[in-house]
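S.K.: File name query.cif; file contents mmCIF, C-alpha atoms; full text below.
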```cif
data_final
loop_
_atom_site.label_atom_id
_atom_site.label_comp_id
_atom_site.auth_asym_id
_atom_site.auth_seq_id
_atom_site.Cartn_x
_atom_site.Cartn_y
_atom_site.Cartn_z
CA MET N 521 -0.73 20.65 -59.50
CA PRO N 522 -0.42 22.43 -56.12
CA SER N 523 2.83 24.28 -55.56
CA LYS N 524 5.38 22.64 -53.31
CA THR N 525 5.50 23.99 -49.77
CA VAL N 526 7.92 23.84 -46.86
CA TYR N 527 7.43 24.47 -43.17
CA LYS N 528 9.08 27.32 -41.33
CA ILE N 529 8.81 28.44 -37.71
CA ILE N 530 7.40 31.86 -36.87
CA ARG N 531 7.99 33.14 -33.33
CA GLN N 532 5.74 35.32 -31.23
CA TYR N 533 6.73 36.88 -27.91
CA SER N 534 4.85 37.89 -24.80
CA LYS N 535 4.49 41.62 -24.19
CA GLY N 536 5.49 42.63 -20.70
CA PRO N 537 6.04 40.29 -17.73
CA VAL N 538 3.73 37.31 -17.36
CA PRO N 539 2.08 37.48 -13.89
CA PRO N 540 3.60 34.90 -11.47
CA GLU N 541 0.27 33.14 -10.90
CA ASP N 542 -0.25 32.73 -14.67
CA MET N 543 3.32 31.56 -15.20
CA GLN N 544 2.83 28.95 -12.45
CA LYS N 545 -0.29 27.59 -14.18
CA LEU N 546 1.63 27.23 -17.44
CA LEU N 547 4.57 25.60 -15.66
CA GLU N 548 2.19 23.02 -14.17
CA ILE N 549 1.03 22.09 -17.67
CA ALA N 550 4.64 21.86 -18.89
CA GLU N 551 5.65 19.67 -15.95
CA ASP N 552 2.72 17.29 -16.50
CA TYR N 553 3.46 17.28 -20.24
CA GLY N 554 6.98 16.04 -19.47
CA LYS N 555 5.66 13.40 -17.06
CA VAL N 556 3.34 12.00 -19.71
CA LYS N 557 6.13 11.84 -22.28
CA ASN N 558 8.46 10.06 -19.86
CA TYR N 559 5.70 7.58 -18.98
CA VAL N 560 5.29 6.76 -22.68
CA TYR N 561 9.06 6.47 -23.12
CA ALA N 562 9.37 4.09 -20.16
CA ARG N 563 6.38 1.93 -21.09
CA PHE N 564 6.76 1.70 -24.87
CA GLY N 565 10.39 2.67 -25.55
CA GLY N 566 11.82 -0.86 -25.31
CA ILE N 567 11.79 -3.81 -27.68
CA GLY N 568 8.49 -5.06 -26.22
CA GLY N 569 6.71 -1.84 -27.21
CA LEU N 570 7.92 -1.85 -30.81
CA SER N 571 4.84 -3.65 -32.18
CA LYS N 572 2.55 -1.00 -30.63
CA LEU N 573 4.15 2.06 -32.21
CA TYR N 574 2.60 1.71 -35.67
CA PRO N 575 0.19 3.29 -36.30
CA GLY N 576 0.00 4.23 -32.61
CA TYR N 577 -3.63 3.68 -31.69
CA THR N 578 -2.65 0.88 -29.30
CA VAL N 579 -0.46 3.31 -27.38
CA GLN N 580 -3.26 5.87 -27.32
CA ASN N 581 -5.77 3.32 -26.02
CA GLU N 582 -3.42 1.96 -23.35
CA MET N 583 -2.57 5.48 -22.19
CA THR N 584 -6.30 6.23 -21.91
CA ALA N 585 -6.77 3.12 -19.78
CA SER N 586 -3.70 3.85 -17.64
CA GLY N 587 -5.50 6.44 -15.50
CA LEU N 588 -2.53 8.81 -15.72
CA ARG N 589 -4.60 11.67 -17.16
CA ASP N 590 -7.04 11.54 -14.24
CA ALA N 591 -4.20 11.26 -11.72
CA LEU N 592 -2.57 14.40 -13.12
CA GLY N 593 -5.86 16.24 -13.65
CA MET N 594 -4.63 17.04 -17.16
CA PRO N 595 -6.96 18.23 -19.94
CA SER N 596 -7.19 15.84 -22.89
CA VAL N 597 -6.01 18.56 -25.31
CA TYR N 598 -2.60 18.48 -23.60
CA PHE N 599 -2.51 14.82 -22.55
CA TYR N 600 -2.88 13.32 -26.02
CA LEU N 601 -0.55 15.84 -27.61
CA ALA N 602 2.10 14.74 -25.11
CA VAL N 603 1.39 11.08 -25.94
CA PHE N 604 1.77 11.57 -29.69
CA ASP N 605 4.77 13.87 -29.20
CA ALA N 606 6.49 11.05 -27.30
CA LEU N 607 5.30 8.50 -29.85
CA GLY N 608 6.92 10.50 -32.64
CA GLU N 609 10.22 10.60 -30.74
CA LEU N 610 10.11 6.83 -30.16
CA LYS N 611 9.64 6.26 -33.89
CA ALA N 612 12.54 8.60 -34.62
CA GLN N 613 14.67 6.76 -32.07
CA TRP N 614 14.01 3.43 -33.80
CA THR N 615 14.84 5.02 -37.16
CA ARG N 616 18.21 6.10 -35.77
CA THR N 617 18.76 2.63 -34.32
CA LYS N 618 18.06 0.97 -37.66
CA ALA N 619 20.39 3.40 -39.44
CA TYR N 620 23.15 2.54 -36.96
CA VAL N 621 22.69 -1.21 -37.47
CA GLN N 622 22.45 -0.80 -41.24
CA LYS N 623 25.78 1.04 -41.27
CA ASN N 624 27.44 -1.71 -39.22
CA VAL N 625 26.03 -4.41 -41.47
CA ASN N 626 27.36 -2.69 -44.59
CA GLN N 627 30.81 -2.27 -43.02
CA ASN N 628 31.06 -5.82 -41.67
CA ALA N 629 33.57 -7.67 -43.87
CA GLY N 630 32.62 -10.99 -42.26
CA PHE N 631 29.22 -11.11 -43.97
CA THR N 632 28.57 -12.36 -47.47
CA GLU N 633 26.44 -10.26 -49.81
CA GLU N 634 23.56 -12.72 -49.28
CA GLU N 635 23.79 -12.31 -45.49
CA LYS N 636 23.87 -8.51 -45.79
CA HIS N 637 20.84 -8.63 -48.09
CA TYR N 638 18.95 -10.78 -45.56
CA LEU N 639 19.74 -8.42 -42.66
CA CYS N 640 18.72 -5.40 -44.76
CA PHE N 641 15.38 -7.12 -45.45
CA LEU N 642 14.78 -7.55 -41.72
CA LEU N 643 15.60 -3.89 -41.09
CA LYS N 644 13.22 -2.70 -43.82
CA VAL N 645 10.26 -4.93 -42.95
CA SER N 646 9.07 -3.65 -39.56
CA THR N 647 7.05 -6.77 -38.73
CA ALA N 648 10.01 -9.08 -39.33
CA PHE N 649 12.33 -6.74 -37.40
CA GLU N 650 10.03 -6.72 -34.36
CA GLN N 651 9.54 -10.50 -34.44
CA VAL N 652 13.27 -11.19 -34.57
CA LEU N 653 14.02 -8.81 -31.69
CA ASN N 654 11.32 -10.45 -29.57
CA GLN N 655 12.56 -13.93 -30.55
CA LYS N 656 9.35 -14.89 -32.32
CA PRO N 657 8.98 -16.90 -35.54
CA VAL N 658 8.98 -14.67 -38.62
CA GLU N 659 5.40 -14.65 -39.93
CA LEU N 660 4.61 -12.32 -42.82
CA THR N 661 2.06 -11.82 -45.58
CA ARG N 662 2.06 -14.32 -48.43
CA GLU N 663 4.04 -12.05 -50.77
CA LEU N 664 6.64 -11.13 -48.14
CA THR N 665 6.88 -14.73 -46.94
CA ALA N 666 7.92 -15.83 -50.42
CA ARG N 667 10.63 -13.18 -50.53
CA TYR N 668 11.76 -14.00 -47.00
CA GLU N 669 12.08 -17.72 -47.67
CA LEU N 670 14.06 -17.03 -50.83
CA LEU N 671 16.50 -14.82 -48.91
CA ALA N 672 16.75 -17.13 -45.91
CA GLU N 673 17.44 -20.24 -47.93
CA HIS N 674 20.91 -21.71 -47.23
CA LEU N 675 21.66 -19.04 -44.58
CA GLU N 676 22.34 -19.55 -40.89
CA THR N 677 19.48 -17.27 -39.86
CA GLU N 678 19.80 -17.84 -36.09
CA ARG N 679 23.35 -16.47 -36.12
CA LEU N 680 22.21 -13.42 -38.09
CA HIS N 681 19.28 -12.89 -35.72
CA ARG N 682 21.62 -12.93 -32.71
CA TYR N 683 23.86 -10.37 -34.43
CA LEU N 684 20.89 -8.12 -35.08
CA CYS N 685 19.77 -8.32 -31.44
CA ARG N 686 23.30 -7.55 -30.18
CA GLN N 687 23.59 -4.50 -32.40
CA VAL N 688 20.21 -3.15 -31.24
CA ARG N 689 21.11 -3.66 -27.57
CA LYS N 690 24.34 -1.71 -28.11
CA CYS N 691 22.75 1.47 -29.38
CA HIS N 692 19.05 1.59 -28.58
CA VAL N 693 18.09 3.49 -25.43
CA LYS N 694 14.75 4.64 -24.11
CA PRO N 695 14.42 8.42 -24.49
CA HIS N 696 13.91 10.63 -21.45
CA THR N 697 13.18 14.32 -21.19
CA GLU N 698 14.04 16.81 -18.46
CA ASN N 699 12.27 19.62 -20.27
CA THR N 700 9.56 21.09 -18.06
CA LEU N 701 9.55 24.51 -19.72
CA GLY N 702 7.46 23.87 -22.80
CA PHE N 703 4.42 22.10 -24.23
CA ALA N 704 2.41 21.82 -27.43
CA VAL N 705 -1.09 23.26 -27.67
CA SER N 706 -3.80 22.49 -30.25
CA GLU N 707 -6.35 24.90 -31.73
CA ARG N 708 -8.95 23.73 -29.19
CA ALA N 709 -6.84 25.02 -26.31
CA TYR N 710 -6.13 28.60 -27.36
CA ARG N 711 -7.77 31.63 -28.93
CA TYR N 712 -6.25 34.81 -30.30
CA GLY N 713 -7.89 38.12 -29.46
CA ASP N 714 -7.54 41.50 -27.74
CA GLY N 715 -3.91 41.86 -28.82
CA GLY N 716 -2.82 38.57 -27.30
CA ILE N 717 -3.63 34.90 -26.83
CA TYR N 718 -5.92 33.06 -24.42
CA ILE N 719 -4.47 29.68 -23.32
CA SER N 720 -6.42 26.92 -21.56
CA THR N 721 -5.28 25.88 -18.09
CA LYS N 722 -5.87 22.75 -16.01
CA GLU N 723 -8.99 24.39 -14.56
CA LYS N 724 -12.15 23.72 -16.54
CA ARG N 725 -13.25 26.60 -18.77
CA LYS N 726 -10.47 28.83 -17.45
CA ARG N 727 -7.98 30.51 -19.76
CA ILE N 728 -5.19 32.94 -19.04
CA PHE N 729 -4.53 35.93 -21.26
CA ILE N 730 -1.01 36.67 -22.52
CA PRO N 731 -0.48 39.98 -24.38
CA LEU N 732 1.75 39.60 -27.44
CA THR N 733 4.15 41.95 -29.19
CA ASP N 734 2.36 41.47 -32.53
CA GLY N 735 -1.25 41.15 -33.62
CA ASN N 736 -0.86 38.11 -35.88
CA HIS N 737 -3.34 35.25 -35.59
CA TYR N 738 -2.59 31.64 -36.54
CA LYS N 739 -4.56 28.41 -36.78
CA SER N 740 -2.24 25.48 -36.19
CA GLN N 741 -0.67 23.48 -33.40
CA LEU N 742 1.60 25.79 -31.38
CA TYR N 743 4.50 25.18 -29.06
CA ILE N 744 4.69 27.30 -25.90
CA LYS N 745 8.23 27.83 -24.58
CA LEU N 746 8.36 29.25 -21.06
CA ASP N 747 11.03 31.46 -19.52
CA PRO N 748 10.13 31.84 -15.82
CA LYS N 749 13.36 33.73 -15.02
CA GLU N 750 12.35 36.47 -17.45
CA SER N 751 8.61 36.11 -16.73
CA ALA N 752 8.16 35.65 -20.47
CA LEU N 753 7.08 33.10 -23.03
CA GLU N 754 7.78 32.40 -26.68
CA ILE N 755 5.32 30.85 -29.12
CA HIS N 756 6.60 28.70 -32.00
CA VAL N 757 4.18 28.63 -34.93
CA PRO N 758 4.82 26.19 -37.82
CA ILE N 759 3.50 27.62 -41.07
CA GLN N 760 3.57 26.42 -44.63
CA THR N 761 5.21 28.68 -47.16
CA ALA N 762 5.26 28.17 -50.91
CA VAL N 763 8.60 27.22 -52.42
CA ARG N 764 9.80 29.92 -54.77
CA LYS N 765 11.21 29.00 -58.14
CA HIS N 766 13.80 31.23 -59.79
CA PRO N 767 14.55 30.64 -63.50
CA ASP N 768 17.72 32.69 -63.13
CA TYR N 769 19.08 30.53 -60.30
CA THR N 770 21.41 28.38 -62.42
CA GLY N 771 24.76 28.44 -60.58
CA ARG N 772 26.49 25.38 -59.15
CA ILE N 773 28.34 26.73 -56.15
CA GLY N 774 30.90 25.03 -53.92
CA ILE N 775 31.15 26.53 -50.43
CA ALA N 776 33.33 26.22 -47.33
CA PHE N 777 32.38 27.32 -43.80
CA GLY N 778 34.60 29.11 -41.32
CA MET N 779 34.38 30.53 -37.83
CA TYR N 780 35.69 33.99 -38.74
CA THR N 781 34.40 34.26 -42.31
CA MET N 782 31.12 32.41 -42.33
CA LEU N 783 31.04 31.24 -45.93
CA THR N 784 33.45 31.27 -48.89
CA THR N 785 32.52 30.19 -52.43
CA HIS N 786 34.70 28.35 -54.95
CA GLU N 787 35.21 31.67 -56.76
CA GLY N 788 36.54 33.29 -53.59
CA HIS N 789 33.44 35.35 -52.79
CA ARG N 790 33.01 35.84 -49.05
CA TYR N 791 29.87 36.21 -47.00
CA GLY N 792 29.73 36.89 -43.28
CA GLU N 793 33.22 38.37 -42.97
CA GLU N 794 32.28 39.99 -39.66
CA LEU N 795 31.08 36.72 -38.12
CA GLY N 796 34.35 36.39 -36.21
CA THR N 797 33.92 39.86 -34.71
CA TYR N 798 30.38 39.09 -33.53
CA GLN N 799 31.41 35.63 -32.37
CA THR N 800 34.44 36.82 -30.39
CA ALA N 801 32.53 39.67 -28.74
CA TYR N 802 29.76 37.25 -27.75
CA ALA N 803 32.18 34.64 -26.38
CA ASP N 804 34.34 37.19 -24.52
CA TRP N 805 31.31 38.77 -22.88
CA ILE N 806 29.96 35.40 -21.70
CA ARG N 807 33.39 34.39 -20.39
CA GLU N 808 33.80 37.68 -18.52
CA LYS N 809 30.32 37.62 -16.98
CA THR N 810 30.59 33.94 -16.03
CA ALA N 811 33.88 34.56 -14.25
CA GLY N 812 32.38 37.52 -12.40
CA TYR N 813 29.34 35.50 -11.40
CA GLN N 814 31.47 32.68 -10.05
CA ARG N 815 33.54 35.11 -7.94
CA SER N 816 30.46 36.64 -6.29
CA ARG N 817 28.23 33.59 -6.28
CA GLU N 818 28.00 33.44 -2.49
CA SER N 819 26.28 36.81 -2.42
CA ASN N 820 23.60 35.35 -4.73
CA PRO N 821 23.81 37.92 -7.57
CA GLY N 822 20.83 38.13 -9.90
CA ARG N 823 21.04 36.80 -13.45
CA LYS N 824 18.11 38.61 -15.00
CA LYS N 825 20.21 41.28 -16.73
CA TYR N 826 22.71 38.63 -17.81
CA TYR N 827 20.08 36.51 -19.59
CA ALA N 828 18.51 39.57 -21.21
CA ARG N 829 21.86 40.76 -22.54
CA LYS N 830 22.82 37.23 -23.65
CA ARG N 831 19.59 36.90 -25.61
CA LYS N 832 20.16 40.28 -27.25
CA LEU N 833 23.70 39.33 -28.35
CA GLU N 834 22.45 36.00 -29.72
CA GLU N 835 19.70 37.78 -31.65
CA GLN N 836 22.25 40.19 -33.15
CA LEU N 837 24.50 37.30 -34.15
CA HIS N 838 21.64 35.30 -35.65
CA SER N 839 20.29 38.34 -37.47
CA TYR N 840 23.70 38.90 -39.07
CA ILE N 841 23.94 35.23 -40.09
CA ASN N 842 20.49 35.32 -41.73
CA GLN N 843 21.26 38.61 -43.47
CA GLU N 844 24.46 37.21 -44.98
CA LEU N 845 22.83 33.94 -46.04
CA ASN N 846 20.12 35.93 -47.82
CA ARG N 847 22.83 37.99 -49.55
CA PHE N 848 24.63 34.82 -50.59
CA LEU N 849 21.52 33.36 -52.24
CA SER N 850 20.43 36.58 -53.97
CA THR N 851 23.95 37.31 -55.25
CA GLU N 852 25.18 33.86 -56.28
CA LYS N 853 21.77 32.64 -57.54
CA PRO N 854 22.63 28.97 -57.05
CA GLN N 855 20.71 26.05 -58.47
CA THR N 856 22.87 23.66 -56.45
CA VAL N 857 25.09 24.22 -53.42
CA TYR N 858 27.91 21.75 -52.72
CA MET N 859 29.22 21.62 -49.17
CA ALA N 860 31.18 19.34 -46.89
CA LYS N 861 29.65 18.24 -43.63
CA LEU N 862 30.24 20.91 -41.00
CA PRO N 863 33.09 19.93 -38.67
CA GLY N 864 32.47 19.04 -35.06
CA THR N 865 34.17 20.71 -32.12
CA GLN N 866 37.91 20.50 -32.61
CA ALA N 867 40.45 19.30 -30.06
CA LYS N 868 41.26 21.92 -27.47
CA GLY N 869 44.33 24.10 -27.92
CA ASN N 870 46.43 26.07 -25.48
CA SER N 871 44.35 29.26 -25.54
CA LYS N 872 41.31 29.15 -23.22
CA ARG N 873 39.88 32.22 -24.95
CA ILE N 874 40.01 30.58 -28.38
CA ASN N 875 38.69 27.29 -27.02
CA HIS N 876 35.71 29.08 -25.48
CA SER N 877 34.98 30.97 -28.69
CA VAL N 878 35.14 27.75 -30.73
CA SER N 879 32.75 26.02 -28.33
CA LEU N 880 30.19 28.78 -28.98
CA TRP N 881 30.57 28.71 -32.77
CA GLN N 882 27.10 28.82 -34.34
CA ARG N 883 27.80 26.06 -36.87
CA GLY N 884 24.58 24.18 -36.11
CA TYR N 885 22.48 27.32 -36.47
CA ILE N 886 24.22 28.26 -39.73
CA ARG N 887 23.59 24.83 -41.21
CA LYS N 888 19.95 24.81 -40.11
CA ARG N 889 19.23 28.27 -41.53
CA LEU N 890 21.03 27.57 -44.83
CA THR N 891 19.02 24.35 -45.25
CA GLN N 892 15.75 26.16 -44.49
CA LYS N 893 16.47 29.07 -46.85
CA CYS N 894 17.60 26.80 -49.68
CA GLY N 895 14.43 24.76 -49.29
CA GLU N 896 12.31 27.90 -49.54
CA GLN N 897 14.10 29.00 -52.73
CA SER N 898 14.18 25.58 -54.53
CA VAL N 899 17.95 25.40 -54.14
CA GLU N 900 19.39 21.89 -53.90
CA ILE N 901 22.01 21.14 -51.23
CA VAL N 902 24.47 18.33 -51.94
CA GLU N 903 26.58 17.25 -48.99
CA VAL N 904 29.92 15.77 -50.06
CA LEU N 905 32.54 13.62 -48.41
CA GLY N 906 34.54 15.83 -46.09
CA LYS N 907 37.58 13.59 -45.54
CA ASP N 908 40.81 15.51 -46.32
CA ILE N 909 38.80 18.16 -48.19
CA SER N 910 40.84 21.04 -46.74
CA ARG N 911 44.18 19.28 -47.32
CA GLU N 912 43.56 18.29 -50.94
CA CYS N 913 44.86 20.39 -53.79
CA SER N 914 41.92 21.39 -55.96
CA ARG N 915 44.15 21.40 -59.05
CA CYS N 916 46.18 18.16 -58.88
CA CYS N 917 44.32 16.30 -56.06
CA PHE N 918 47.51 15.80 -54.04
CA ILE N 919 46.72 15.46 -50.31
CA THR N 920 49.18 17.15 -47.97
CA VAL N 921 50.29 15.47 -44.76
CA SER N 922 49.35 16.92 -41.38
CA ARG N 923 52.27 18.30 -39.41
CA PRO N 924 52.97 17.58 -35.75
CA GLY N 925 50.73 19.62 -33.47
CA GLY N 926 47.68 19.32 -35.73
CA SER N 927 48.54 21.97 -38.35
CA ALA N 928 47.92 20.89 -41.92
CA GLY N 929 50.84 20.78 -44.27
CA GLY N 930 50.58 23.16 -47.21
CA LYS N 931 48.75 25.91 -45.25
CA GLN N 932 50.51 29.17 -44.53
CA ASP N 933 48.83 32.37 -43.32
CA ARG N 934 45.38 31.07 -44.32
CA ARG N 935 46.61 30.18 -47.82
CA PHE N 936 46.87 26.71 -49.31
CA ILE N 937 50.13 25.95 -51.12
CA CYS N 938 50.41 22.57 -52.80
CA PRO N 939 53.87 21.07 -52.18
CA PHE N 940 53.48 18.86 -55.27
CA CYS N 941 52.37 21.18 -58.09
CA GLY N 942 52.91 24.58 -56.45
CA TYR N 943 49.27 25.67 -56.79
CA GLU N 944 48.44 28.49 -54.37
CA GLU N 945 44.99 29.64 -53.27
CA GLU N 946 43.16 31.05 -50.24
CA GLU N 947 42.53 27.98 -48.07
CA LYS N 948 38.74 28.28 -47.83
CA THR N 949 38.46 28.89 -51.58
CA ASN N 950 40.51 25.74 -52.18
CA THR N 951 38.16 23.81 -49.87
CA ALA N 952 35.10 25.18 -51.68
CA LEU N 953 36.62 24.17 -55.04
CA ASN N 954 37.05 20.65 -53.72
CA ALA N 955 33.44 20.60 -52.48
CA ARG N 956 32.21 21.61 -55.93
CA LYS N 957 34.45 19.08 -57.67
CA ARG N 958 33.41 16.23 -55.37
CA GLY N 959 29.75 17.15 -55.68
CA GLN N 960 29.84 17.12 -59.47
CA GLY N 961 31.75 13.85 -59.55
CA GLU N 962 31.75 11.19 -56.88
CA GLY N 963 31.23 12.12 -53.26
CA GLY N 964 27.64 13.35 -52.96
CA LEU N 965 26.17 11.95 -49.76
CA GLU N 966 22.91 13.69 -49.11
CA ARG N 967 20.52 15.85 -51.05
CA SER N 968 17.91 18.10 -49.50
#
```
What is this structure when it is put down as structure tokens?
M.R.:
Amino acid sequence: MPSKTVYKIIRQYSKGPVPPEDMQKLLEIAEDYGKVKNYVYARFGGIGGLSKLYPGYTVQNEMTASGLRDALGMPSVYFYLAVFDALGELKAQWTRTKAYVQKNVNQNAGFTEEEKHYLCFLLKVSTAFEQVLNQKPVELTRELTARYELLAEHLETERLHRYLCRQVRKCHVKPHTENTLGFAVSERAYRYGDGGIYISTKEKRKRIFIPLTDGNHYKSQLYIKLDPKESALEIHVPIQTAVRKHPDYTGRIGIAFGMYTMLTTHEGHRYGEELGTYQTAYADWIREKTAGYQRSRESNPGRKKYYARKRKLEEQLHSYINQELNRFLSTEKPQTVYMAKLPGTQAKGNSKRINHSVSLWQRGYIRKRLTQKCGEQSVEIVEVLGKDISRECSRCCFITVSRPGGSAGGKQDRRFICPFCGYEEEEKTNTALNARKRGQGEGGLERS
């Protein structure tokens, strides 16, 4: 049996400034790439295009016949990548739409179990879903027809079909991209060599050479991210890496996230205790420089140094986050990690400085990197119900009442004190204990 693998993104960087004429050629490709994607979104993103998305050859053929590639003068290696990139996003958009409708169906107390079952069938069977949305008779294979007729018997199907259409209209939108600073490139359109990479342009048999900071060579579809302000580019390389198995990784660890201490376990172990220092320095610097830029904006000050410094601070912050996540995994040796869903941006308080720092909290990056690293190390992540998890006593399960002004009852100086049983614990440790308890009992939502 082949070993399980996961994908990770490797980044390569241009060495030295990219010449303006070369950058312009790459920007032209990126702009056309965005135009093609938006054309696909507009033409096939609605209900009428749903039947053409699977497996996608109809879209490919219609895009070939559209004449758009000739009008743009775009090489096929970029044109069809843009088409299938957009096609993938349309499929993802419909997946999100179905998930939204499915949730509403499950929560609708006005439906009987039979009606919910019927609607779930329509959502699962793509052909039936498309036919209902386009107000066509439901015609399926013999096996599916038998199941459909059994479910539809004695139900008012027209009413259920109208409900399904209303729900889709509420949430489904055609995607649109404003990104003109990046594009995908296949193996046919690039070649590594001479300490850099040769990338095809819109001119036949013409490639531009970009020196790179490393000498690594890859054979896969790449993504080119352009930064014209810095005269630089970044290459994203997806590679497969074998999942590592650790016989000694046996722990079942509950964790809680924080903005100042990145991660606390149910045993009170802390990782990323300097995250708040990095985060505050990063936020304060951005706030200071933004204010200065706004004051002198009329004199048209340059932003090159600002973006270079901003990128350096972000890299330092991300490096620290990755370092501490690695330390967490190697020290705790978890088999399973239990965590509540990361909170969204909280309501604004009175301090502008704190509000700005909170808005720049790297919670999304932390979650993404933890998920990636756990996948690489065969560590299971179980996401648990987060409702009241920080206000529940991990000993007696009593839930404290929030006080006026948004502060949670039972919390004093970052410690949780249960007003019912008197249990006292550091607040993040108490939250991590609840995450572990919910994950091992009822409350697991998602495994990855």
S.K.: Given the file above and the PyMOL selection byres ((chain N and resi 914-922) around 12), which residues are selected, and can you give them as a compact mmCIF listing (two decimals) with C-alpha atoms, in the frame of the given file?
M.R.:
```txt
# COMPACT_ATOMS: atom_id res chain seq x y z
CA GLY N 774 30.90 25.03 -53.92
CA HIS N 786 34.70 28.35 -54.95
CA LYS N 907 37.58 13.59 -45.54
CA ASP N 908 40.81 15.51 -46.32
CA ILE N 909 38.80 18.16 -48.19
CA SER N 910 40.84 21.04 -46.74
CA ARG N 911 44.18 19.28 -47.32
CA GLU N 912 43.56 18.29 -50.94
CA CYS N 913 44.86 20.39 -53.79
CA ARG N 923 52.27 18.30 -39.41
CA PRO N 924 52.97 17.58 -35.75
CA GLY N 925 50.73 19.62 -33.47
CA GLY N 926 47.68 19.32 -35.73
CA SER N 927 48.54 21.97 -38.35
CA ALA N 928 47.92 20.89 -41.92
CA GLY N 929 50.84 20.78 -44.27
CA GLY N 930 50.58 23.16 -47.21
CA LYS N 931 48.75 25.91 -45.25
CA PHE N 936 46.87 26.71 -49.31
CA ILE N 937 50.13 25.95 -51.12
CA CYS N 938 50.41 22.57 -52.80
CA PRO N 939 53.87 21.07 -52.18
CA PHE N 940 53.48 18.86 -55.27
CA CYS N 941 52.37 21.18 -58.09
CA GLY N 942 52.91 24.58 -56.45
CA TYR N 943 49.27 25.67 -56.79
CA GLU N 944 48.44 28.49 -54.37
CA GLU N 945 44.99 29.64 -53.27
CA GLU N 946 43.16 31.05 -50.24
CA GLU N 947 42.53 27.98 -48.07
CA LYS N 948 38.74 28.28 -47.83
CA THR N 949 38.46 28.89 -51.58
CA ASN N 950 40.51 25.74 -52.18
CA THR N 951 38.16 23.81 -49.87
CA ALA N 952 35.10 25.18 -51.68
CA LEU N 953 36.62 24.17 -55.04
CA ASN N 954 37.05 20.65 -53.72
CA ALA N 955 33.44 20.60 -52.48
CA ARG N 956 32.21 21.61 -55.93
CA LYS N 957 34.45 19.08 -57.67
CA ARG N 958 33.41 16.23 -55.37
```
S.K.: Given the choices N:Cys691, N:Ile886, N:Leu746, N:Ala672, which gets closest to Asn846 in chain N if the distance is worked out from all atoms listed in the file?
M.R.: N:Ile886
S.K.: State, in Å with one decimal place, the distance from CA of Gln741 in chain N to CA of Val597 in chain N.
M.R.: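 Here the two named atoms are 10.9 Å from each other.
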S.K.: For CA of Ile773 in chain N and CA of Ile529 in chain N, determine how far apart the two atoms are, in Å to one decimal place.
M.R.: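 Between CA of Ile773 in chain N and CA of Ile529 in chain N the gap is 26.9 Å.
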S.K.: Any chance you could resolve the PyMOL selection byres ((chain N and resi 571-579) around 10) against this file and give the residues as a PyMOL selection string?
M.R.: chain N and resi 560+563-565+567-570+580-585+603-604+607-608+610-611+646-647+649-651+654
S.K.: Quick one: residues within 12 Å of Leu670 in chain N, all atoms listed in the file, excluding same-chain residues fewer than 3 positions away - as a ChimeraX atom specification?
M.R.: /N:634,637-638,641,663-667,673-675
S.K.: Save the residues we just selected, C-alpha atoms, as a PDB file, in the frame of the given file?
M.R.:
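So the final result, stored in part12.pdb, reads:
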```pdb
ATOM      1  CA  GLU N 634      23.560 -12.720 -49.280  1.00  0.00           C
ATOM      2  CA  HIS N 637      20.840  -8.630 -48.090  1.00  0.00           C
ATOM      3  CA  TYR N 638      18.950 -10.780 -45.560  1.00  0.00           C
ATOM      4  CA  PHE N 641      15.380  -7.120 -45.450  1.00  0.00           C
ATOM      5  CA  GLU N 663       4.040 -12.050 -50.770  1.00  0.00           C
ATOM      6  CA  LEU N 664       6.640 -11.130 -48.140  1.00  0.00           C
ATOM      7  CA  THR N 665       6.880 -14.730 -46.940  1.00  0.00           C
ATOM      8  CA  ALA N 666       7.920 -15.830 -50.420  1.00  0.00           C
ATOM      9  CA  ARG N 667      10.630 -13.180 -50.530  1.00  0.00           C
ATOM     10  CA  GLU N 673      17.440 -20.240 -47.930  1.00  0.00           C
ATOM     11  CA  HIS N 674      20.910 -21.710 -47.230  1.00  0.00           C
ATOM     12  CA  LEU N 675      21.660 -19.040 -44.580  1.00  0.00           C
TER      13      LEU N 675
END
```
S.K.: Which residue, N:Ile549, N:Arg689, N:Tyr683, N:Tyr598, has the smallest gap to Ser706 in chain N when you use only C-alpha atoms?
M.R.: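 Answer, going by the shortest atom-to-atom distance: N:Tyr598.
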S.K.: What is the distance between CA of Ile841 in chain N and CA of Gly735 in chain N, in Å to one decimal?
M.R.: 26.7 Å
S.K.: For Gln855 in chain N, please output as a PyMOL selection string all residues within 7 Å (counting all atoms listed in the file; exclusion window: fewer than 5 positions along the same chain).
M.R.: chain N and resi 769-772+899-900
S.K.: List the spatial neighbours of Thr617 in chain N as a tab-separated table (two decimals) with C-alpha atoms, in the coordinates of the input - criterion: any atom at most 9 Å away, all atoms listed in the file, same-chain residues fewer than 2 positions off excluded.
M.R.:
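Final output, around_13.tsv:
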```tsv
chain	number	residue	atom	x	y	z
N	612	ALA	CA	12.54	8.60	-34.62
N	613	GLN	CA	14.67	6.76	-32.07
N	614	TRP	CA	14.01	3.43	-33.80
N	615	THR	CA	14.84	5.02	-37.16
N	619	ALA	CA	20.39	3.40	-39.44
N	620	TYR	CA	23.15	2.54	-36.96
N	621	VAL	CA	22.69	-1.21	-37.47
N	622	GLN	CA	22.45	-0.80	-41.24
N	687	GLN	CA	23.59	-4.50	-32.40
N	688	VAL	CA	20.21	-3.15	-31.24
N	691	CYS	CA	22.75	1.47	-29.38
N	692	HIS	CA	19.05	1.59	-28.58
N	693	VAL	CA	18.09	3.49	-25.43
```
